[in-house]
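> Enclosed is the structure file query_31.txt (compact mmCIF, C-alpha atoms).
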# COMPACT_ATOMS: atom_id res chain seq x y z
CA MET A 258 17.72 105.41 -20.67
CA SER A 259 18.39 108.50 -18.59
CA ARG A 260 20.14 108.04 -15.28
CA SER A 261 17.28 109.88 -13.59
CA VAL A 262 14.70 107.29 -14.74
CA ILE A 263 13.83 104.45 -12.39
CA PRO A 264 13.52 101.20 -14.36
CA ALA A 265 10.03 99.76 -14.03
CA LEU A 266 11.33 96.24 -14.74
CA TRP A 267 14.74 94.71 -14.15
CA SER A 268 14.86 93.95 -17.87
CA ASP A 269 14.74 97.73 -18.47
CA VAL A 270 18.22 98.17 -16.94
CA THR A 271 20.50 98.93 -19.89
CA ALA A 272 24.24 99.35 -20.28
CA ASP A 273 23.78 103.11 -20.74
CA TRP A 274 21.72 103.39 -17.56
CA MET A 275 24.26 101.40 -15.59
CA THR A 276 27.14 103.41 -17.07
CA ALA A 277 25.60 106.61 -15.71
CA ALA A 278 25.09 104.96 -12.32
CA ILE A 279 28.58 103.50 -11.98
CA ALA A 280 30.33 106.58 -13.39
CA SER A 281 29.00 108.53 -10.39
CA THR A 282 31.73 106.92 -8.29
CA ASN A 283 33.98 105.41 -10.98
CA PRO A 284 34.74 108.20 -13.48
CA GLY A 285 35.55 106.91 -16.94
CA ALA A 286 33.75 103.61 -16.48
CA GLU A 287 31.70 102.63 -19.53
CA VAL A 288 29.48 99.57 -19.17
CA SER A 289 29.17 97.56 -22.39
CA ASP A 290 26.79 94.87 -21.18
CA VAL A 291 24.59 94.05 -18.18
CA GLU A 292 23.57 90.54 -17.20
CA LEU A 293 20.65 89.89 -14.86
CA LEU A 294 21.97 87.24 -12.45
CA LEU A 295 19.35 87.10 -9.72
CA VAL A 296 15.94 88.50 -8.84
CA ASP A 297 14.95 88.42 -5.16
CA ASP A 298 11.84 90.55 -4.81
CA GLY A 299 10.15 90.65 -1.41
CA THR A 300 9.45 93.61 0.87
CA SER A 301 11.57 95.50 -1.66
CA ARG A 302 12.48 94.60 -5.23
CA ARG A 303 16.06 93.44 -5.53
CA ALA A 304 18.31 92.12 -8.26
CA ARG A 305 21.97 91.30 -8.87
CA PHE A 306 23.62 92.28 -12.15
CA GLY A 307 26.89 91.28 -13.75
CA LEU A 308 28.67 94.15 -15.52
CA HIS A 309 31.13 94.16 -18.43
CA TYR A 310 33.13 97.25 -19.35
CA ALA A 311 34.12 98.79 -22.68
CA ALA A 312 36.32 101.35 -20.92
CA GLY A 313 37.52 102.14 -17.43
CA SER A 314 36.72 99.87 -14.52
CA GLY A 315 34.14 99.27 -11.86
CA PRO A 316 32.50 96.50 -9.87
CA GLU A 317 32.01 93.18 -11.67
CA THR A 318 28.62 92.72 -10.02
CA VAL A 319 26.20 95.08 -8.28
CA PHE A 320 23.09 94.71 -6.17
CA VAL A 321 20.17 96.96 -7.13
CA LYS A 322 17.30 97.73 -4.79
CA GLY A 323 14.00 99.51 -5.41
CA GLU A 324 10.60 99.81 -3.79
CA ALA A 325 8.08 96.98 -4.16
CA ASP A 326 4.66 98.02 -5.46
CA ALA A 327 2.84 96.02 -2.80
CA HIS A 328 4.56 97.78 0.10
CA ARG A 329 5.16 101.37 -0.93
CA THR A 330 2.01 102.79 0.69
CA VAL A 331 2.76 101.00 3.99
CA HIS A 332 6.34 102.27 3.98
CA ALA A 333 5.16 105.78 3.14
CA ARG A 334 2.63 105.68 6.00
CA ASN A 335 5.32 104.49 8.43
CA GLY A 336 7.70 107.25 7.34
CA ASN A 337 10.23 104.73 6.03
CA LEU A 338 9.89 104.90 2.27
CA PHE A 339 12.84 107.14 1.37
CA ASN A 340 15.02 106.83 4.47
CA GLU A 341 17.64 104.45 3.10
CA ALA A 342 17.86 106.26 -0.23
CA ASP A 343 18.16 109.63 1.51
CA LEU A 344 20.81 108.29 3.87
CA TYR A 345 22.99 106.95 1.07
CA ALA A 346 22.40 110.05 -1.06
CA SER A 347 23.53 112.27 1.84
CA GLY A 348 27.03 110.84 1.69
CA VAL A 349 27.44 110.84 5.49
CA THR A 350 29.94 108.50 7.10
CA LEU A 351 28.50 105.37 8.72
CA PRO A 352 31.29 103.88 10.85
CA VAL A 353 29.83 100.37 10.90
CA ASP A 354 30.14 97.88 8.06
CA HIS A 355 27.43 98.40 5.43
CA PRO A 356 27.06 98.06 1.65
CA ARG A 357 28.68 100.79 -0.40
CA ALA A 358 26.24 102.76 -2.56
CA TYR A 359 27.28 103.70 -6.10
CA HIS A 360 24.21 105.64 -7.17
CA VAL A 361 20.80 106.72 -5.83
CA VAL A 362 17.73 107.92 -7.74
CA ILE A 363 14.65 109.14 -5.83
CA ASP A 364 11.20 109.76 -7.33
CA ARG A 365 9.19 111.29 -4.49
CA PRO A 366 5.96 111.97 -6.43
CA GLY A 367 6.04 108.39 -7.70
CA LEU A 368 6.82 106.97 -4.22
CA ASP A 369 9.83 105.17 -5.64
CA TYR A 370 13.60 105.04 -5.45
CA ILE A 371 16.47 102.90 -6.65
CA ILE A 372 19.90 102.27 -5.12
CA VAL A 373 22.80 100.70 -6.98
CA MET A 374 25.05 99.24 -4.32
CA GLU A 375 27.87 96.89 -3.57
CA ASP A 376 27.33 93.17 -4.06
CA LEU A 377 28.36 91.87 -0.65
CA ASP A 378 29.02 88.39 -2.05
CA ARG A 379 32.27 89.81 -3.41
CA ARG A 380 33.50 90.22 0.19
CA GLY A 381 32.32 86.80 1.31
CA ALA A 382 29.47 88.20 3.38
CA ASP A 383 27.10 85.68 4.92
CA PRO A 384 23.58 87.14 5.35
CA ARG A 385 21.78 85.79 8.41
CA ASP A 386 18.24 85.33 9.62
CA ALA A 387 16.59 84.01 12.76
CA THR A 388 17.10 80.39 11.71
CA ARG A 389 20.88 80.91 11.85
CA PRO A 390 21.64 82.87 15.04
CA LEU A 391 24.91 84.66 15.63
CA THR A 392 27.51 83.56 18.13
CA VAL A 393 28.14 85.65 21.22
CA ALA A 394 31.48 86.77 19.75
CA GLN A 395 29.79 87.89 16.54
CA VAL A 396 27.13 89.82 18.46
CA ALA A 397 29.92 91.47 20.47
CA ASN A 398 31.46 92.64 17.18
CA GLY A 399 28.05 93.93 16.13
CA VAL A 400 27.43 95.93 19.31
CA ARG A 401 30.91 97.43 19.04
CA GLY A 402 30.04 98.49 15.50
CA LEU A 403 26.80 100.07 16.72
CA ALA A 404 28.81 101.89 19.40
CA ARG A 405 31.06 103.37 16.69
CA LEU A 406 27.98 104.54 14.78
CA HIS A 407 26.29 105.97 17.86
CA ARG A 408 29.31 107.82 19.21
CA ARG A 409 29.87 109.45 15.82
CA TYR A 410 26.40 111.02 15.99
CA TRP A 411 25.99 111.28 19.76
CA GLY A 412 23.58 114.09 20.58
CA PHE A 413 22.98 114.90 16.92
CA SER A 414 20.32 117.40 15.87
CA ARG A 415 19.38 119.39 12.79
CA THR A 416 21.87 122.00 13.91
CA THR A 417 24.82 119.69 14.52
CA HIS A 418 24.27 117.61 11.35
CA PRO A 419 22.20 119.59 8.82
CA THR A 420 22.66 116.92 6.14
CA LEU A 421 20.62 114.62 8.40
CA ALA A 422 17.94 117.18 9.25
CA TRP A 423 15.33 114.96 7.55
CA VAL A 424 15.88 112.08 10.01
CA GLN A 425 12.80 111.62 12.19
CA THR A 426 12.94 111.30 15.95
CA TRP A 427 11.42 108.00 17.10
CA GLU A 428 7.73 108.39 17.84
CA PRO A 429 4.96 105.78 18.24
CA THR A 430 3.10 107.27 15.29
CA GLU A 431 -0.40 106.32 14.23
CA GLY A 432 1.10 105.24 10.90
CA PHE A 433 3.06 102.54 12.71
CA GLN A 434 0.35 101.64 15.19
CA VAL A 435 -2.40 101.04 12.67
CA GLY A 436 -0.49 98.19 11.04
CA LEU A 437 0.65 96.70 14.33
CA ARG A 438 -2.84 96.73 15.83
CA ARG A 439 -4.23 95.09 12.71
CA ARG A 440 -1.65 92.28 12.47
CA VAL A 441 -0.45 91.46 16.02
CA PRO A 442 -3.70 89.58 16.89
CA THR A 443 -3.13 87.29 13.90
CA GLY A 444 0.48 86.81 14.96
CA LEU A 445 -0.62 85.84 18.46
CA GLU A 446 -3.09 83.34 17.03
CA ARG A 447 -0.49 81.81 14.72
CA ALA A 448 2.13 81.56 17.47
CA GLY A 449 -0.41 79.94 19.80
CA ASP A 450 0.97 77.93 22.68
CA THR A 451 4.58 78.34 21.52
CA LEU A 452 4.69 81.66 23.42
CA PRO A 453 5.35 81.89 27.17
CA ALA A 454 2.26 82.32 29.33
CA GLY A 455 3.18 85.91 30.21
CA VAL A 456 2.85 86.89 26.55
CA ALA A 457 0.08 84.50 25.49
CA ALA A 458 -2.16 86.12 28.14
CA LEU A 459 -1.89 89.50 26.38
CA ASP A 460 -4.21 90.59 23.59
CA GLY A 461 -3.05 92.44 20.50
CA ASP A 462 -3.71 95.93 21.82
CA GLN A 463 -1.84 95.18 25.02
CA VAL A 464 1.22 94.03 23.05
CA VAL A 465 1.14 97.18 20.95
CA ASP A 466 0.59 99.34 24.02
CA GLN A 467 3.92 98.11 25.41
CA TRP A 468 5.58 98.90 22.07
CA VAL A 469 4.18 102.43 22.34
CA ARG A 470 5.52 102.77 25.86
CA PHE A 471 9.01 101.68 24.84
CA VAL A 472 9.18 103.83 21.70
CA SER A 473 8.05 106.81 23.78
CA THR A 474 11.21 106.39 25.89
CA LEU A 475 13.43 106.76 22.81
CA ARG A 476 12.93 110.53 22.64
CA THR A 477 14.87 111.01 25.86
CA ALA A 478 18.54 111.96 25.85
CA PRO A 479 21.09 110.85 25.01
CA VAL A 480 19.99 110.51 21.39
CA THR A 481 21.98 109.45 18.36
CA LEU A 482 21.61 108.16 14.81
CA LEU A 483 19.98 104.73 14.90
CA HIS A 484 19.90 102.03 12.28
CA GLY A 485 16.37 101.54 13.59
CA ASP A 486 15.80 98.01 12.24
CA ALA A 487 18.86 96.10 13.40
CA HIS A 488 17.26 92.66 13.63
CA ILE A 489 19.34 89.66 12.58
CA GLY A 490 17.71 89.51 9.13
CA ASN A 491 19.35 92.84 8.34
CA THR A 492 22.83 91.62 9.26
CA TYR A 493 25.66 89.78 7.57
CA VAL A 494 28.82 88.15 8.88
CA LEU A 495 32.16 88.75 7.15
CA PRO A 496 34.99 86.17 7.00
CA ASP A 497 36.71 87.80 10.01
CA ASP A 498 33.44 87.53 12.04
CA ASP A 499 32.76 91.25 11.85
CA VAL A 500 29.05 92.02 11.52
CA GLY A 501 27.57 94.48 9.05
CA PHE A 502 24.11 95.99 8.77
CA LEU A 503 21.80 96.09 5.74
CA ASP A 504 18.54 97.89 5.01
CA TRP A 505 18.60 101.31 6.66
CA ALA A 506 14.97 102.07 5.83
CA VAL A 507 13.96 102.67 9.46
CA VAL A 508 16.87 105.01 10.29
CA ARG A 509 15.84 107.27 13.17
CA ARG A 510 17.09 109.73 15.77
CA GLY A 511 16.64 108.32 19.23
CA ASN A 512 18.04 106.60 22.28
CA TRP A 513 20.82 104.11 21.58
CA SER A 514 19.05 101.27 23.38
CA GLN A 515 16.65 100.51 20.54
CA ASP A 516 19.48 99.39 18.24
CA VAL A 517 21.43 97.48 20.87
CA GLY A 518 18.56 95.63 22.53
CA TYR A 519 16.72 94.80 19.33
CA PHE A 520 19.90 93.50 17.70
CA ALA A 521 21.35 91.50 20.57
CA ILE A 522 18.14 89.85 21.82
CA GLY A 523 17.05 88.79 18.34
CA ALA A 524 20.47 87.63 17.13
CA LEU A 525 21.20 85.19 19.98
CA THR A 526 19.66 81.90 21.04
CA ASP A 527 17.76 82.11 24.29
CA ASP A 528 20.53 80.27 26.13
CA ASP A 529 23.23 82.58 24.77
CA ARG A 530 21.13 85.64 25.57
CA ARG A 531 20.64 84.46 29.16
CA ARG A 532 24.35 83.90 29.56
CA ALA A 533 25.82 86.82 27.66
CA LEU A 534 23.45 89.78 27.38
CA PRO A 535 24.72 91.66 30.48
CA ASP A 536 28.30 91.29 29.24
CA LEU A 537 27.30 92.52 25.79
CA VAL A 538 25.82 95.67 27.32
CA ASP A 539 29.19 96.17 29.00
CA GLU A 540 30.95 95.63 25.64
CA TYR A 541 28.78 98.33 24.11
CA LEU A 542 29.41 100.80 26.92
CA ALA A 543 33.17 100.14 26.83
CA ALA A 544 33.22 100.95 23.10
CA LEU A 545 31.06 104.05 23.50
CA THR A 546 33.73 106.70 23.98
CA VAL A 547 31.53 109.74 24.58
CA PRO A 548 31.86 112.60 27.10
CA PRO A 549 31.22 111.47 30.69
CA ASP A 550 28.32 113.85 31.24
CA GLY A 551 26.32 112.18 28.48
CA ARG A 552 27.46 108.62 29.03
CA PRO A 553 24.73 106.09 29.97
CA ALA A 554 25.00 104.73 33.49
CA ARG A 555 25.31 100.93 33.64
CA GLU A 556 22.10 100.47 35.65
CA ASP A 557 20.07 102.62 33.27
CA ALA A 558 21.64 100.93 30.22
CA TRP A 559 20.64 97.48 31.47
CA ARG A 560 17.11 98.69 32.26
CA ARG A 561 16.70 100.11 28.75
CA VAL A 562 17.94 96.95 27.04
CA ARG A 563 15.55 94.87 29.13
CA ALA A 564 12.67 97.13 28.11
CA SER A 565 13.60 96.86 24.42
CA ALA A 566 12.14 93.34 24.26
CA ALA A 567 8.75 95.06 24.04
CA TYR A 568 9.78 96.54 20.69
CA GLY A 569 10.83 93.29 19.06
CA LEU A 570 7.83 91.42 20.42
CA ALA A 571 5.28 93.67 18.72
CA ILE A 572 7.23 93.97 15.47
CA TRP A 573 7.63 90.24 14.97
CA LEU A 574 4.18 89.21 16.10
CA SER A 575 2.94 91.75 13.57
CA THR A 576 5.21 90.33 10.87
CA LEU A 577 4.05 86.82 11.74
CA GLY A 578 0.52 88.11 11.19
CA THR A 579 1.29 89.00 7.57
CA ASP A 580 1.73 86.92 4.44
CA GLY A 581 4.53 87.63 1.98
CA TRP A 582 6.68 89.90 4.15
CA GLN A 583 8.90 87.29 5.80
CA PRO A 584 8.86 83.47 5.84
CA HIS A 585 6.65 82.36 8.71
CA GLU A 586 9.39 80.22 10.25
CA VAL A 587 11.63 83.30 10.48
CA SER A 588 8.89 85.48 11.98
CA LEU A 589 7.86 82.79 14.46
CA ALA A 590 11.45 82.21 15.60
CA LEU A 591 11.92 85.92 16.28
CA ALA A 592 8.50 86.35 17.91
CA GLN A 593 9.35 83.46 20.26
CA ARG A 594 12.81 84.87 21.00
CA TYR A 595 11.53 88.35 21.89
CA ALA A 596 8.57 86.90 23.81
CA THR A 597 10.83 84.76 25.97
CA ALA A 598 13.09 87.75 26.63
CA PHE A 599 10.06 89.95 27.35
CA VAL A 600 9.11 87.65 30.23
CA GLU A 601 12.55 86.66 31.50
CA LEU A 602 13.98 90.20 31.43
CA ASP A 603 10.79 91.62 32.99
CA ALA A 604 10.39 94.17 30.22
CA LEU A 605 7.22 95.52 31.83
CA GLY A 606 9.03 96.18 35.09
CA ALA A 607 11.85 97.89 33.21
CA LEU A 608 9.34 100.08 31.38
CA GLU A 609 7.74 101.11 34.65
CA GLU A 610 11.13 102.05 36.07
CA LEU A 611 11.98 104.12 32.98
CA GLU A 612 8.64 105.93 33.14
CA ARG A 613 9.13 106.74 36.83
CA ASP A 614 12.55 108.21 36.11
Output the structure of this file as C-alpha cells.

Amino acid sequence: MSRSVIPALWSDVTADWMTAAIASTNPGAEVSDVELLLVDDGTSRRARFGLHYAAGSGPETVFVKGEADAHRTVHARNGNLFNEADLYASGVTLPVDHPRAYHVVIDRPGLDYIIVMEDLDRRGADPRDATRPLTVAQVANGVRGLARLHRRYWGFSRTTHPTLAWVQTWEPTEGFQVGLRRRVPTGLERAGDTLPAGVAALDGDQVVDQWVRFVSTLRTAPVTLLHGDAHIGNTYVLPDDDVGFLDWAVVRRGNWSQDVGYFAIGALTDDDRRRALPDLVDEYLAALTVPPDGRPAREDAWRRVRASAAYGLAIWLSTLGTDGWQPHEVSLALAQRYATAFVELDALGALEELERD
C-alpha cells in the first residue's frame, strides 16, 4: 500500500504502509509486522498498533488517528477538519508537551487525513476527563505550559509565521453556531435542575449568544497560537505531574484567555477553582515572558478568564445535547462545572466590561 493512501479500515494497515510512515522520521526502519492492539473510535477513528522491525529501529507501538465518517462534515463546517493534521505536517515547534507525530497524510478532496503519532502509554501518560479532575498543582503546570506556547507565538500573523498562515482567527462563525443552537436546548433539558438558577433560566439561544460575545473578544490583541480546545478531556498527566495536550483540531489564532480559562475552569473541582483560579492566572502571567507593551494587565487578565466560562458553558451543553460524541456523565460534569463558574465568576458582567473597553 502506498504511503499516500489513507487506509479505509484499520485492518488495511500493512507492514509496507507503516514502514513508509515510520521511515519519515526513522530512516532505515523496516517494519516486518503490524499488530492491531486497540481500536477506540469515537469523534475520530483511533487505533494502537504494535510494530516489529526487520531492519533499523523505531517505536514499538504507535497511535494512529483518522477522521470518523460520522463527524467529517461537522468538522469541515466548523473549520476544524484538517487543523491538527496541518499543524503536525507544518513541523512547527510546540513548546508544551504533546504527542510526537511520525507521519501525516491529508486527503482534502476526500475530507480525510491520518496521523501516525507517539503512543503516550510508553511515557506513562495518564489521560484525564471530567470525572477525574486535575489537582491545583497539575493545573499550574498546565497553565505554565500554555504560557510557553503562547509566548512563542505572541502576536503571530501570516507575515511573522508563514508556515501557520492557514490558521484561522477565532470567529463566532455560522458553521459553529448552527450546531450549538441545535444542540444546546437538548443539553439544557438533559441537565435540568442540576444547573444553577442563573443558567437554568436561560434558553438555548441566550446561552449561544453569550458564546458569540466571548468568541468575538478573541480577535483583540494580544493574539497568539491557541490550542483552542484545551478542556480536560484533551489533557494527560505525566509521571512528574507535567500536563500535556492532545487533539489540536481546533487550533486558532486569538486571545490567550480562551486556552487558559477553558482549561483551568474545566480541569478543577468547583472548590479548587474557587480557591485557586486567581492564583493560577498569576502563575500564567508570571510565566508569560513577553515584551511589557504587549503584556496583559492583571485586571484585564482576570476579567477575560471570568468571561471565558461562557465559552465552556455553550460547548458542553451542546455536547451534552448529542449522542455518541462524549459519554453523558462527562458532558454533564463539564456543563455543570462551567455553569457554576459562569454564575459565580459573573461571566456576563465580565463580558460587558470587555465590550465597553
> Rank nothing, just name the residue among A:Ile572, A:Ile363, A:Val262, A:Ala448 nearest to His488 in chain A, using only C-alpha atoms.
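For His488 in chain A, the nearest of the candidates is A:Ile572.
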> Please, what distance in Å, to one decimal, runs between CA of Glu540 in chain A and CA of Asn398 in chain A?
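If I compute the distance from CA of Glu540 in chain A to CA of Asn398 in chain A, I get 9.0 Å.
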> Write out as JSON, numbers by chain which residues come within 9 Å of Ile489 in chain A when counting only C-alpha atoms, dropping same-chain ones fewer than 4 positions away.
{"A": [384, 385, 386, 387, 389, 390, 391, 493, 502, 519, 520, 521, 523, 524, 525]}
> Fewer than 5 positions away in the same chain doesn't count, so skip those; otherwise give me all residues within 8 Å of Trp427 in chain A, counting only C-alpha atoms, as a compact mmCIF listing (two decimals) with C-alpha atoms, keeping the file's coordinate frame.

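Final output, saved to out_31.txt:
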# COMPACT_ATOMS: atom_id res chain seq x y z
CA VAL A 472 9.18 103.83 21.70
CA SER A 473 8.05 106.81 23.78
CA LEU A 475 13.43 106.76 22.81
CA ARG A 476 12.93 110.53 22.64
CA ARG A 509 15.84 107.27 13.17
CA ARG A 510 17.09 109.73 15.77
CA GLY A 511 16.64 108.32 19.23
> As an exercise, work out the distance from CA of His418 in chain A to CA of Ala478 in chain A in Å and give it to one decimal place.
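The value is 16.6 Å.
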> Please measure the separation of CA of Ala596 in chain A and CA of Thr300 in chain A, giving the value in Å to one decimal.
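Here the two named atoms are 23.9 Å from each other.
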> Find the residues near Leu577 in chain A: any atom within 9 Å, counting only C-alpha atoms, skip ones fewer than 3 places away on the same chain, and give them as an NGL selection string.
:A and (440-441 or 443-445 or 447-448 or 572-574 or 580 or 582-589 or 592)
> Near Glu287 in chain A, counting all atoms listed in the file, which residues have an atom at most 9 Å away, once you skip same-chain residues fewer than 4 positions from it, shown as a PDB file with C-alpha atoms, keeping the file's coordinate frame?

ATOM      1  CA  ALA A 272      24.240  99.350 -20.280  1.00  0.00           C
ATOM      2  CA  ASP A 273      23.780 103.110 -20.740  1.00  0.00           C
ATOM      3  CA  MET A 275      24.260 101.400 -15.590  1.00  0.00           C
ATOM      4  CA  THR A 276      27.140 103.410 -17.070  1.00  0.00           C
ATOM      5  CA  ALA A 277      25.600 106.610 -15.710  1.00  0.00           C
ATOM      6  CA  ILE A 279      28.580 103.500 -11.980  1.00  0.00           C
ATOM      7  CA  ALA A 280      30.330 106.580 -13.390  1.00  0.00           C
ATOM      8  CA  HIS A 309      31.130  94.160 -18.430  1.00  0.00           C
ATOM      9  CA  TYR A 310      33.130  97.250 -19.350  1.00  0.00           C
ATOM     10  CA  ALA A 311      34.120  98.790 -22.680  1.00  0.00           C
ATOM     11  CA  ALA A 312      36.320 101.350 -20.920  1.00  0.00           C
ATOM     12  CA  GLY A 313      37.520 102.140 -17.430  1.00  0.00           C
ATOM     13  CA  SER A 314      36.720  99.870 -14.520  1.00  0.00           C
ATOM     14  CA  GLY A 315      34.140  99.270 -11.860  1.00  0.00           C
TER      15      GLY A 315
END
> Have a look at A:Asp516, A:Asp528, A:Asp290, A:Asp462 and name the one nearest to Gly436 in chain A; count all atoms listed in the file.
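Closest candidate: A:Asp462.
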> Taking all atoms of range 294-302 of chain A that the file lists and extending 4 Å past them on each side, where is the centre of the axis-aligned box and how long are its edges? Answer in Å to one decimal, as lines of an AutoDock Vina configuration file.

center_x = 15.7
center_y = 91.3
center_z = -5.8
size_x = 20.5
size_y = 16.4
size_z = 21.3
> Which one of A:Leu570, A:Leu542, A:Val400, A:Gly367 sits closest to Ala333 in chain A if you count all atoms listed in the file?
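Ranking A:Leu570, A:Leu542, A:Val400, A:Gly367 by distance to Ala333 in chain A, first place goes to A:Gly367.
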> What's around Arg438 in chain A at 12 Å? Count all atoms listed in the file, leave out sequence neighbours fewer than 4 positions away in its own chain, and write the answer as a ChimeraX atom specification.
/A:431-434,442-445,460-469,571-572,574-576,578
> Using only C-alpha atoms, which residue out of A:Asp504, A:Glu609, A:Asp614, A:Asp529 lies closest to Tyr345 in chain A?
A:Asp504
> Which one of A:His484, A:Arg334, A:His360, A:Arg302 sits closest to Ala404 in chain A if you count all atoms listed in the file?
A:His484
> For a quick check of understanding, using all atoms listed in the file, which of A:Ile371, A:Ala598, A:Leu459, A:Val353 has the smallest distance to Leu483 in chain A?
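Counting all atoms listed in the file, the residue closest to Leu483 in chain A is A:Val353.
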> Could range 287-294 of chain A be completed with all heavy atoms and returned as a PDB file, in the coordinates of the input?

ATOM      1  N   GLU A 287      32.722 102.745 -18.479  1.00  0.00           N
ATOM      2  CA  GLU A 287      31.700 102.630 -19.530  1.00  0.00           C
ATOM      3  C   GLU A 287      31.252 101.177 -19.594  1.00  0.00           C
ATOM      4  O   GLU A 287      32.020 100.286 -19.968  1.00  0.00           O
ATOM      5  CB  GLU A 287      32.267 103.055 -20.884  1.00  0.00           C
ATOM      6  CG  GLU A 287      31.246 102.987 -22.002  1.00  0.00           C
ATOM      7  CD  GLU A 287      31.827 103.371 -23.351  1.00  0.00           C
ATOM      8  OE1 GLU A 287      32.878 104.063 -23.380  1.00  0.00           O
ATOM      9  OE2 GLU A 287      31.237 102.973 -24.381  1.00  0.00           O
ATOM     10  N   VAL A 288      30.017 100.930 -19.199  1.00  0.00           N
ATOM     11  CA  VAL A 288      29.480  99.570 -19.170  1.00  0.00           C
ATOM     12  C   VAL A 288      29.045  99.178 -20.580  1.00  0.00           C
ATOM     13  O   VAL A 288      28.293  99.908 -21.237  1.00  0.00           O
ATOM     14  CB  VAL A 288      28.297  99.470 -18.193  1.00  0.00           C
ATOM     15  CG1 VAL A 288      27.699  98.066 -18.207  1.00  0.00           C
ATOM     16  CG2 VAL A 288      28.743  99.843 -16.775  1.00  0.00           C
ATOM     17  N   SER A 289      29.533  98.027 -21.047  1.00  0.00           N
ATOM     18  CA  SER A 289      29.170  97.560 -22.390  1.00  0.00           C
ATOM     19  C   SER A 289      28.019  96.574 -22.377  1.00  0.00           C
ATOM     20  O   SER A 289      27.300  96.433 -23.375  1.00  0.00           O
ATOM     21  CB  SER A 289      30.388  96.899 -23.049  1.00  0.00           C
ATOM     22  OG  SER A 289      30.831  95.781 -22.286  1.00  0.00           O
ATOM     23  N   ASP A 290      27.832  95.891 -21.223  1.00  0.00           N
ATOM     24  CA  ASP A 290      26.790  94.870 -21.180  1.00  0.00           C
ATOM     25  C   ASP A 290      26.381  94.634 -19.731  1.00  0.00           C
ATOM     26  O   ASP A 290      27.213  94.685 -18.821  1.00  0.00           O
ATOM     27  CB  ASP A 290      27.299  93.554 -21.789  1.00  0.00           C
ATOM     28  CG  ASP A 290      26.208  92.505 -21.870  1.00  0.00           C
ATOM     29  OD1 ASP A 290      25.139  92.799 -22.436  1.00  0.00           O
ATOM     30  OD2 ASP A 290      26.416  91.390 -21.352  1.00  0.00           O
ATOM     31  N   VAL A 291      25.087  94.416 -19.505  1.00  0.00           N
ATOM     32  CA  VAL A 291      24.590  94.050 -18.180  1.00  0.00           C
ATOM     33  C   VAL A 291      23.921  92.687 -18.270  1.00  0.00           C
ATOM     34  O   VAL A 291      23.255  92.369 -19.258  1.00  0.00           O
ATOM     35  CB  VAL A 291      23.598  95.100 -17.622  1.00  0.00           C
ATOM     36  CG1 VAL A 291      24.279  96.427 -17.397  1.00  0.00           C
ATOM     37  CG2 VAL A 291      22.384  95.259 -18.515  1.00  0.00           C
ATOM     38  N   GLU A 292      24.122  91.883 -17.245  1.00  0.00           N
ATOM     39  CA  GLU A 292      23.570  90.540 -17.200  1.00  0.00           C
ATOM     40  C   GLU A 292      22.786  90.380 -15.910  1.00  0.00           C
ATOM     41  O   GLU A 292      23.334  90.546 -14.818  1.00  0.00           O
ATOM     42  CB  GLU A 292      24.700  89.512 -17.268  1.00  0.00           C
ATOM     43  CG  GLU A 292      24.249  88.074 -17.235  1.00  0.00           C
ATOM     44  CD  GLU A 292      25.418  87.095 -17.245  1.00  0.00           C
ATOM     45  OE1 GLU A 292      26.577  87.547 -17.199  1.00  0.00           O
ATOM     46  OE2 GLU A 292      25.154  85.880 -17.273  1.00  0.00           O
ATOM     47  N   LEU A 293      21.500  90.086 -16.029  1.00  0.00           N
ATOM     48  CA  LEU A 293      20.650  89.890 -14.860  1.00  0.00           C
ATOM     49  C   LEU A 293      20.954  88.504 -14.264  1.00  0.00           C
ATOM     50  O   LEU A 293      20.670  87.476 -14.880  1.00  0.00           O
ATOM     51  CB  LEU A 293      19.183  90.001 -15.232  1.00  0.00           C
ATOM     52  CG  LEU A 293      18.157  89.879 -14.103  1.00  0.00           C
ATOM     53  CD1 LEU A 293      18.382  90.933 -13.027  1.00  0.00           C
ATOM     54  CD2 LEU A 293      16.731  89.989 -14.661  1.00  0.00           C
ATOM     55  N   LEU A 294      21.528  88.488 -13.068  1.00  0.00           N
ATOM     56  CA  LEU A 294      21.970  87.240 -12.450  1.00  0.00           C
ATOM     57  C   LEU A 294      20.982  86.677 -11.447  1.00  0.00           C
ATOM     58  O   LEU A 294      20.908  85.468 -11.254  1.00  0.00           O
ATOM     59  CB  LEU A 294      23.318  87.464 -11.744  1.00  0.00           C
ATOM     60  CG  LEU A 294      24.472  87.965 -12.607  1.00  0.00           C
ATOM     61  CD1 LEU A 294      25.690  88.245 -11.735  1.00  0.00           C
ATOM     62  CD2 LEU A 294      24.805  86.945 -13.692  1.00  0.00           C
TER      63      LEU A 294
END
